[in-house]
Each structure stands twice: as C-alpha cells, then as structure tokens.
Amino acid sequence: MKLNYPAGLTDPNYWKSLINIGLTKVLILKVLFVGPNHGYGILKELESITGGCCVPTFGTIYPILKDLTKYGYAEVKEDVQLKGAQKKRVYTLTPLGIEAYKVALEAWRSTIPYIYKAIESDDLVFLEDMRMRLSKKQRVTS
C-alpha cells in the first residue's frame, strides 16, 4: 500500500524544509549573538553561513523575531534611514537571548553526533562526505 504524503517523501525539498524549520530559530539566535541586525541582514547572513542550504523566507523569520522580542529574548529598535527609505527594525539579543542561544547551541552540539550515527549506522563515512561537501561550497563561494 502506497501512502500519499502531500509534499512527497521522495522530494529532497520536503526533507530540506523540515530541517530548515528545525534550524531557523537557533540560526537566527546565532546571527544576533554575533551582533545586532535587521530582517534582511539576518536573511543574507543565514544564506552566507549555511552556504545557501538552509535559508528561510521573510515569512518564517519575522514571526520568530516577533516572538523573540515578545518574550524578552531580543530587543528591537528602529534605525533611522535616509529620506524616503523605510526605517529598519534592528534586533539585538538581551541577556536572556544570549543564554537561550548558548543553551540551544549546546543542545544541537550534543544531539548532532547521535543523529549522524543513527543515519550512517556505525560507519564514519559522513565525516568524509561532510568535508567534501564543505570544500565544494567553499570553492564555489570563493
């Protein structure tokens, strides 16, 4: 019996979108941990640090930024722009946001090796594969 999933389990974009959903919040925290940024700047930084593989849409990052602000993990200030330009909303992590980033980072670091092990069994093939993929991305972006 064949099950029909709306996005299709054989579509790589389906799986990438699931991974992207799980990573977006921690990656936004990472960008803001480095320093204050605005929505478009966060999006461009996410594109840069992930080599384009995990780039959310504006429709994804703005609700996260709104929640981070609402619950005290980030502060937002309007940045004055040149005449006629829209004001940029610049987000900065609060001390609570910095703590949340550190906790999230540790959670991901402690989980990732087990995810790889579960996917790759006991083989360490994924390490060489990761090196190869990262070196290709670096050559493309250089």
# chains A, B, ... in the order shown; residues from 1 in each chain; ligands from 1

$ residues_around --residues "range 6-15 of chain A" --least-positions-apart "6" --cutoff "12 Å" --atoms "only C-alpha atoms" --output "NGL selection string"
:A and (21-22 or 53-54)

$ write_last_selection --atoms "C-alpha atoms" --output "compact mmCIF listing (two decimals), in the first residue's frame"
# COMPACT_ATOMS: atom_id res chain seq x y z
CA ILE A 21 12.24 24.59 10.15
CA GLY A 22 14.20 22.97 12.96
CA CYS A 53 21.27 25.33 2.02
CA CYS A 54 19.13 26.50 4.94

$ closest_residue --among "A:Ile61, A:Leu29, A:Ile115, A:Ala104" --to "Tyr73 in chain A" --atoms "only C-alpha atoms"
A:Leu29
